[in-house]
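Below is one structure, written out as structure tokens, with a few remarks after it.
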Amino acid sequence: MIDPIILFFLLGAVAGLLRSELRLPAAVYDFISIVLLLSIGLKGGIELARQPFVTLLPQMLAVVALGFLLSLVAFPTLRYLGRFNRADSASIAAHYGSVSVGTYAVAVAYLGSREIAFEEHMPLLLVLMEVPAIIMGIILARGLSRETRWKSIGHEVFLGKSVVLLLGGLLIGWLAGPDGLSSIEPFFFDLFKGFLALFLLEMGLITATQIGSLRKHGIFLVAFGIVMPLFSGLVGTGLGWALGLSIGGTMVLATLAASASYIAAPAAMRISVPEANPTLSLAASLGITFPFNVLIGIPIYYTMAVWAHTALAGG
Amino acid sequence: MIDPIILFFLLGAVAGLLRSELRLPAAVYDFISIVLLLSIGLKGGIELARQPFVTLLPQMLAVVALGFLLSLVAFPTLRYLGRFNRADSASIAAHYGSVSVGTYAVAVAYLGSREIAFEEHMPLLLVLMEVPAIIMGIILARGLSRETRWKSIGHEVFLGKSVVLLLGGLLIGWLAGPDGLSSIEPFFFDLFKGFLALFLLEMGLITATQIGSLRKHGIFLVAFGIVMPLFSGLVGTGLGWALGLSIGGTMVLATLAASASYIAAPAAMRISVPEANPTLSLAASLGITFPFNVLIGIPIYYTMAVWAHTALAGG
Amino acid sequence: MIDPIILFFLLGAVAGLLRSELRLPAAVYDFISIVLLLSIGLKGGIELARQPFVTLLPQMLAVVALGFLLSLVAFPTLRYLGRFNRADSASIAAHYGSVSVGTYAVAVAYLGSREIAFEEHMPLLLVLMEVPAIIMGIILARGLSRETRWKSIGHEVFLGKSVVLLLGGLLIGWLAGPDGLSSIEPFFFDLFKGFLALFLLEMGLITATQIGSLRKHGIFLVAFGIVMPLFSGLVGTGLGWALGLSIGGTMVLATLAASASYIAAPAAMRISVPEANPTLSLAASLGITFPFNVLIGIPIYYTMAVWAHTALAGG
Amino acid sequence: MQNRTTKLLTIITESVLETTLARELDRLNARGYTITDARGKGHHGVRNAGWEPSSNIRIEVACDEATAGAIAGFLEKNYSDNYAMILFTSDIEVLRLNRPPSTAT
Amino acid sequence: MQNRTTKLLTIITESVLETTLARELDRLNARGYTITDARGKGHHGVRNAGWEPSSNIRIEVACDEATAGAIAGFLEKNYSDNYAMILFTSDIEVLRLNRPPSTAT
Amino acid sequence: MQNRTTKLLTIITESVLETTLARELDRLNARGYTITDARGKGHHGVRNAGWEPSSNIRIEVACDEATAGAIAGFLEKNYSDNYAMILFTSDIEVLRLNRPPSTAT
Ligand SMILES: Nc1ncnc2c1ncn2[C@@H]1O[C@H](COP(=O)(O)O)[C@@H](O)[C@H]1O
Ligand SMILES: Nc1ncnc2c1ncn2[C@@H]1O[C@H](COP(=O)(O)O)[C@@H](O)[C@H]1O
Ligand SMILES: Nc1ncnc2c1ncn2[C@@H]1O[C@H](COP(=O)(O)O)[C@@H](O)[C@H]1O
Ligand code: NA
Ligand code: NA
Ligand code: NA
């Protein structure tokens, strides 16, 4: 059965496509996304408080490497198969190597409503995976030239809204622990799915505005927006299995790998690789990959995770 | 005893009349009204999932007819008794034939705090009653001339914010059912009265700004704003009884009939009957009828419903 | 252990100092502060419903006097020790004689997480303490001259957002009583700490913008911003003890005395004493005193209250 | 950098017209426009932006004189009777960027 | 459509003055005004609109030269010393709609 | 009250540039600027302000002609190729308040 929060996404998308007057004010979108980012961070932080940090190090290093790797796979595909110019290829690659917080939240909701457990420290991996592909995208576009203003790029990348809120939430959760946070639970945890529903409504509205660009930019982008996440999901599944994650955890990692950024990466690319056309990367990541993942991909990644854990365990 | 949410309305009205600096940003008003419309839709949708659709058909047809009828009664009253021009009469008639979501919510809260049951599919009737009077208002103003751009009017009327959110909520609730929605209950259902309180605070502030216009436009409008809802409430009571609704359901239908639109109708009339003066219809519906219904009308409609069910049942 | 909501303040402050892109839209800040002010008022109002009003009269008169007194102590200190001009001294004095709702909320959270009881009617004292120092500040700046437009000043002071919402909340809570409010509890009470966390995040961001001004305006202001609340806290402790408040209540009164306004006073001073430099008063009250109270002061005032109740009781 | 003297047409009117006017501007060959939210006061009284029905928008269109005239004439004919609206033009110099200042792609 | 050359007075100042200035503009015979929210930088430093005390408003008044002068003079005398504020005027052509461009009803 | 004729440079561009441009304006000797949020349409299509990536800002800088030219030239060279952006100037009269109209403290 389809998760009700997905229905909010569809409602937004349909309303947008029919050019309804429905619109969420930008301030409301900001409010909701701030709450979601903090909630996800807090939840992960609580978990960090529970386990020795050092046991997580291998996973942390692995996902950073995964972020670099995925952008390095995407780049030549876009450049030589898709015939995009260097800047566009690098920018799209950065989006696909980085992660989408909305997609992550939907995957977690999917597991939650099926009562499937997963490693609760996933938000830590989420925040770690946001940045590497963005840096790689800048290198791919600019080379490692001296002129690149790494200081201001670092500022842009590490002090963007989503990294600050996720990391801040993680730290607060970690310092305060589960008991400390009990007083803010009703706001940040009990309401989470409600905020997520509104967020998806707005994402549907935004997605609808991307369809026009897609028509212009042709079918390679559509194909890439579906095949790339499937490939990344497969890699993520393999890595999750290799790291010894549970089925749920493997599926979440696959989803992270498969998801394409639409908050951190667009902002950073716009400033650091301005010659890349933002329409291309947003049309792909929001117009294709986000709905694909949310509607179809997540169940597939779950099947992949189950398959990996049975086939490979048995093999 | 007065319901505390009504006190929020009074607080807003008093603050507005005293010209306090209190002001809700428009984005906050939008946020709150989006949440309320979705909540009401969702609640109705859950109920739809529970009963065979076809049993509701008679009620659905009846309320659509009621919407048409009420605007047809209001129009000549305004035109010949009130001596308003054709466009203004048609526009005000559309407002009074359509419904007010805020008034509906207060009626539901009234029943809730008295633990009186009512048919939970009322939001379906609510959304059905929004549109007919608006269409009738346009016909009354324009005639059925060929020139009228019905396509763009249909777009305006059926894709306005409140219809989309109510209908969308209904569909989501219907598809997901009560279990599916349990994860978003804390947001959309537990917080409902809190959001409603803030909404009423803002409605009080807005109502206060309408008082000036009323002074200008004289006592006919004031009288109409009180007598019309009483009449409509009576018709609604009769219809509710005839349809076999419970006492609570009869009272809700009477309130819907008595309420005057201030979201859907103003937007649609402004675009489709621009020569109508929006000050008149808003002054009446917001400056008189909304406070009248909320403070005095709702208990009256409840008394009417009780009376209908005892007197008529006994008769 | 540090309260987690304080961590949100630190997150905001650090993000602000690092010039992160994190920003809360003004509409969100307004929304959150409206909810907090109403919540605090409602909570106090419920308590008022429980006790005979007349027993509170001595406390009410005492805190009004305290507000006047504190501004009268601050003024000459600023004027002669700090060598500020008359308007600036009067304006800063008004800020420090008035109260900060955010600081109050943190103090209440401090007691709550330690399960220490306090007199629940404190919001009544809070709202009573907002105004006197502001009036005194205007008198100190202008003298009691005929020309002063007291009517418009009264309007500004008594109909400002925070007084209206606190007072309105008090009245609603008082009229509706605990049972009446149960339906809006989930919104206004259960979410309180969550809203407070977001509010403190924003306060951290705003505080960070004040640091620059502080560097300009020197160390007297920094010293004043720390010594004045300690002094006021001591006076508040004494008064609380003298009024027979519990330990928790004494500590809350001390915190109120120690806190410096950054909502009501800035707005009123800006209009009524425009020649005062708002940068000075905000740098002191937000850049120094708010973080000092929230991070260090509150535990000190608690210690003071305990000490007063043991030493003086024993003495 | 070549400059070109042209007109800036400013329209202040009711928010409810936004979708409609955007469509009309396209139709009337405006190659671009900028919209900001506004509130204000005029013949139709105070419009304080507390909610949609009393909100204004402020539309700016940089265009040549003929287009400005055409848009203004059209709005006057079709909207100014029934909507709160004020229109004015001023002279501006559009800085010729790498592309022509008002040519659609 | 007759046009009339007149002035647009633009005032950028602190949000806290909104109510006061709206009253003063009425008193000084401005027949209308338009307000938008703004942020900015000037002699009084950065005003980033994060909260009320650091928010600006941008007020536009279309009026004849005398009124513009009167308003500007009044603001200079009473407000410009103590508030973050900048004032400027430009020439505009108000398009004469069916009603006179700035006559109160 | 002495007045001074000067230029108003208006820049409409992507919100994402706000921090960057504020820094550049400082560097280029603008003594002040005012920013409002905007949406619009141009060569780069509709930018409806539904979320950050499609939001615009409208920056105004009152300055002398040379500064306006320098800023415009700089923006043209460095930003106008890659960002949605329109620039125009108009003549304004800055009312000389008690302080010089554009001198930093
Ligand atoms: N003289 C004026 N100066 C500036 N803005 C005005 C003026 N007159 C009207 N407006 C704006 O245009 C809107 C509609 O004007 P009106 O149709 O005169 O009510 C008002 O709400 C104001 O925002
Ligand atoms: N040169 C300028 N160009 C555009 N806006 C300015 C300029 N100077 C000041 N402002 C605006 O006017 C406000 C108050 O100016 P000031 O009193 O100089 O701080 C600033 O916050 C800016 O929004
Ligand atoms: N002719 C125009 N008149 C007014 N605003 C414009 C015009 N052209 C572009 N703009 C604004 O400048 C932004 C960027 O323009 P562009 O680079 O042409 O897409 C648009 O989103 C509009 O807000
Ligand atoms: Na990815
Ligand atoms: Na009705
Ligand atoms: Na104090």
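Residue numbering restarts at 1 in every chain; chains get A, B, ... in the order shown in the structure tokens, and ligands count up from 1 in that same order.
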
Test item: chain E residues at most 6 Å from chain C, counting only C-alpha atoms, as an MDAnalysis selection string: chainID E and resid 50:51 82

Protein and nucleic acid residues within 12 Å of ligand 4 (only C-alpha atoms and all ligand atoms) as a ChimeraX atom specification: /A:63-74,92-101,103-104,125-134,225,228-236,252-262,265,285,289-290,293

What are the closest atom pairs, with distances in Å to one decimal, for all residues of chain A lying within 12 Å of chain C? Consider only C-alpha atoms, order rows by chain and residue number, and present the result as JSON lines.
```
{"residue": "A:Pro25", "atom": "CA", "partner": "C:Ala27", "partner_atom": "CA", "distance": 10.1}
{"residue": "A:Ala26", "atom": "CA", "partner": "C:Pro25", "partner_atom": "CA", "distance": 8.8}
{"residue": "A:Ala27", "atom": "CA", "partner": "C:Pro25", "partner_atom": "CA", "distance": 5.7}
{"residue": "A:Val28", "atom": "CA", "partner": "C:Val28", "partner_atom": "CA", "distance": 7.5}
{"residue": "A:Tyr29", "atom": "CA", "partner": "C:Pro25", "partner_atom": "CA", "distance": 10.0}
{"residue": "A:Asp30", "atom": "CA", "partner": "C:Pro25", "partner_atom": "CA", "distance": 7.3}
{"residue": "A:Phe31", "atom": "CA", "partner": "C:Val28", "partner_atom": "CA", "distance": 6.5}
{"residue": "A:Ile32", "atom": "CA", "partner": "C:Val28", "partner_atom": "CA", "distance": 10.0}
{"residue": "A:Ser33", "atom": "CA", "partner": "C:Leu24", "partner_atom": "CA", "distance": 10.8}
{"residue": "A:Ile34", "atom": "CA", "partner": "C:Leu24", "partner_atom": "CA", "distance": 8.4}
{"residue": "A:Val35", "atom": "CA", "partner": "C:Leu198", "partner_atom": "CA", "distance": 8.5}
{"residue": "A:Leu37", "atom": "CA", "partner": "C:Leu22", "partner_atom": "CA", "distance": 11.8}
{"residue": "A:Leu38", "atom": "CA", "partner": "C:Leu198", "partner_atom": "CA", "distance": 9.7}
{"residue": "A:Ser39", "atom": "CA", "partner": "C:Gly194", "partner_atom": "CA", "distance": 10.6}
{"residue": "A:Leu42", "atom": "CA", "partner": "C:Pro4", "partner_atom": "CA", "distance": 10.6}
{"residue": "A:Ile46", "atom": "CA", "partner": "C:Pro4", "partner_atom": "CA", "distance": 11.8}
{"residue": "A:Ser152", "atom": "CA", "partner": "C:Arg19", "partner_atom": "CA", "distance": 11.4}
{"residue": "A:Gly154", "atom": "CA", "partner": "C:Ser20", "partner_atom": "CA", "distance": 11.2}
{"residue": "A:His155", "atom": "CA", "partner": "C:Ser20", "partner_atom": "CA", "distance": 7.7}
{"residue": "A:Glu156", "atom": "CA", "partner": "C:Glu21", "partner_atom": "CA", "distance": 7.9}
{"residue": "A:Val157", "atom": "CA", "partner": "C:Ser20", "partner_atom": "CA", "distance": 9.8}
{"residue": "A:Phe158", "atom": "CA", "partner": "C:Ser20", "partner_atom": "CA", "distance": 8.4}
{"residue": "A:Leu159", "atom": "CA", "partner": "C:Ser20", "partner_atom": "CA", "distance": 4.7}
{"residue": "A:Gly160", "atom": "CA", "partner": "C:Glu21", "partner_atom": "CA", "distance": 5.3}
{"residue": "A:Lys161", "atom": "CA", "partner": "C:Leu22", "partner_atom": "CA", "distance": 4.7}
{"residue": "A:Ser162", "atom": "CA", "partner": "C:Leu22", "partner_atom": "CA", "distance": 8.2}
{"residue": "A:Val163", "atom": "CA", "partner": "C:Leu22", "partner_atom": "CA", "distance": 9.5}
{"residue": "A:Val164", "atom": "CA", "partner": "C:Ala15", "partner_atom": "CA", "distance": 7.3}
{"residue": "A:Leu165", "atom": "CA", "partner": "C:Leu22", "partner_atom": "CA", "distance": 8.0}
{"residue": "A:Leu166", "atom": "CA", "partner": "C:Leu11", "partner_atom": "CA", "distance": 11.1}
{"residue": "A:Leu167", "atom": "CA", "partner": "C:Leu11", "partner_atom": "CA", "distance": 9.7}
{"residue": "A:Gly168", "atom": "CA", "partner": "C:Leu11", "partner_atom": "CA", "distance": 6.2}
{"residue": "A:Gly169", "atom": "CA", "partner": "C:Phe8", "partner_atom": "CA", "distance": 8.6}
{"residue": "A:Leu170", "atom": "CA", "partner": "C:Leu11", "partner_atom": "CA", "distance": 11.0}
{"residue": "A:Leu171", "atom": "CA", "partner": "C:Leu7", "partner_atom": "CA", "distance": 8.8}
{"residue": "A:Ile172", "atom": "CA", "partner": "C:Leu7", "partner_atom": "CA", "distance": 6.2}
{"residue": "A:Gly173", "atom": "CA", "partner": "C:Pro4", "partner_atom": "CA", "distance": 8.1}
{"residue": "A:Trp174", "atom": "CA", "partner": "C:Pro4", "partner_atom": "CA", "distance": 10.1}
{"residue": "A:Leu175", "atom": "CA", "partner": "C:Pro4", "partner_atom": "CA", "distance": 7.9}
{"residue": "A:Ala176", "atom": "CA", "partner": "C:Pro4", "partner_atom": "CA", "distance": 5.6}
{"residue": "A:Gly177", "atom": "CA", "partner": "C:Pro4", "partner_atom": "CA", "distance": 8.9}
{"residue": "A:Pro178", "atom": "CA", "partner": "C:Pro4", "partner_atom": "CA", "distance": 10.5}
{"residue": "A:Asp179", "atom": "CA", "partner": "C:Pro4", "partner_atom": "CA", "distance": 9.9}
{"residue": "A:Gly180", "atom": "CA", "partner": "C:Pro4", "partner_atom": "CA", "distance": 6.2}
{"residue": "A:Leu181", "atom": "CA", "partner": "C:Pro4", "partner_atom": "CA", "distance": 6.6}
{"residue": "A:Ser182", "atom": "CA", "partner": "C:Pro4", "partner_atom": "CA", "distance": 9.7}
{"residue": "A:Ser183", "atom": "CA", "partner": "C:Lys193", "partner_atom": "CA", "distance": 6.2}
{"residue": "A:Ile184", "atom": "CA", "partner": "C:Gly194", "partner_atom": "CA", "distance": 4.7}
{"residue": "A:Glu185", "atom": "CA", "partner": "C:Gly194", "partner_atom": "CA", "distance": 7.5}
{"residue": "A:Pro186", "atom": "CA", "partner": "C:Leu191", "partner_atom": "CA", "distance": 5.9}
{"residue": "A:Phe187", "atom": "CA", "partner": "C:Gly194", "partner_atom": "CA", "distance": 5.0}
{"residue": "A:Phe188", "atom": "CA", "partner": "C:Gly194", "partner_atom": "CA", "distance": 6.8}
{"residue": "A:Phe189", "atom": "CA", "partner": "C:Gly194", "partner_atom": "CA", "distance": 9.9}
{"residue": "A:Asp190", "atom": "CA", "partner": "C:Leu191", "partner_atom": "CA", "distance": 9.9}
{"residue": "A:Leu191", "atom": "CA", "partner": "C:Leu191", "partner_atom": "CA", "distance": 9.5}
{"residue": "A:Ala264", "atom": "CA", "partner": "C:Glu21", "partner_atom": "CA", "distance": 11.0}
{"residue": "A:Ala267", "atom": "CA", "partner": "C:Glu21", "partner_atom": "CA", "distance": 10.2}
{"residue": "A:Ala268", "atom": "CA", "partner": "C:Glu21", "partner_atom": "CA", "distance": 11.1}
```

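All chain F residues having an atom within 6 Å of chain E, based on only C-alpha atoms, amount to Gly32, Tyr33, Thr34, Ile35, Thr36, Ile92, Glu93, Val94, Leu95, Ala104 and Thr105 of chain F.
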
Backbone DSSP call of strand (DSSP E) for chain D, listed as a ChimeraX atom specification: /D:3-14,33-42,45-47,56-63,85-95

Those of region 34-69 of chain D in DSSP helix (DSSP H, G or I), formatted as a VMD selection string: chain D and resid 52 to 54 65 to 69

Residues within 9 Å of Pro291 (chain A), only C-alpha atoms, excluding chain neighbours under 6 positions, as a ChimeraX atom specification: /A:9,204,207,285,297

Generate the output file for the selected residues, N, CA and C atoms, as a compact mmCIF listing (two decimals), in the first residue's frame.
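Result file follows (out12.txt):
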```
# COMPACT_ATOMS: atom_id res chain seq x y z
N PHE A 9 2.76 14.32 -1.87
CA PHE A 9 3.60 14.67 -3.00
C PHE A 9 2.79 14.67 -4.29
N GLY A 204 6.08 18.53 -4.43
CA GLY A 204 5.25 18.22 -5.59
C GLY A 204 5.02 19.46 -6.44
N THR A 207 8.30 20.27 -8.14
CA THR A 207 8.58 19.30 -9.20
C THR A 207 7.79 19.63 -10.46
N SER A 285 17.32 16.25 -11.03
CA SER A 285 17.26 15.75 -9.65
C SER A 285 15.84 15.90 -9.07
N GLY A 297 11.58 3.97 -6.56
CA GLY A 297 12.93 3.55 -6.18
C GLY A 297 13.00 2.92 -4.80
```

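With CA of Ala13 (chain C) on one side and atom 3 (N, counted along the ligand's line) of ligand 2 on the other, the separation reads 29.3 Å.
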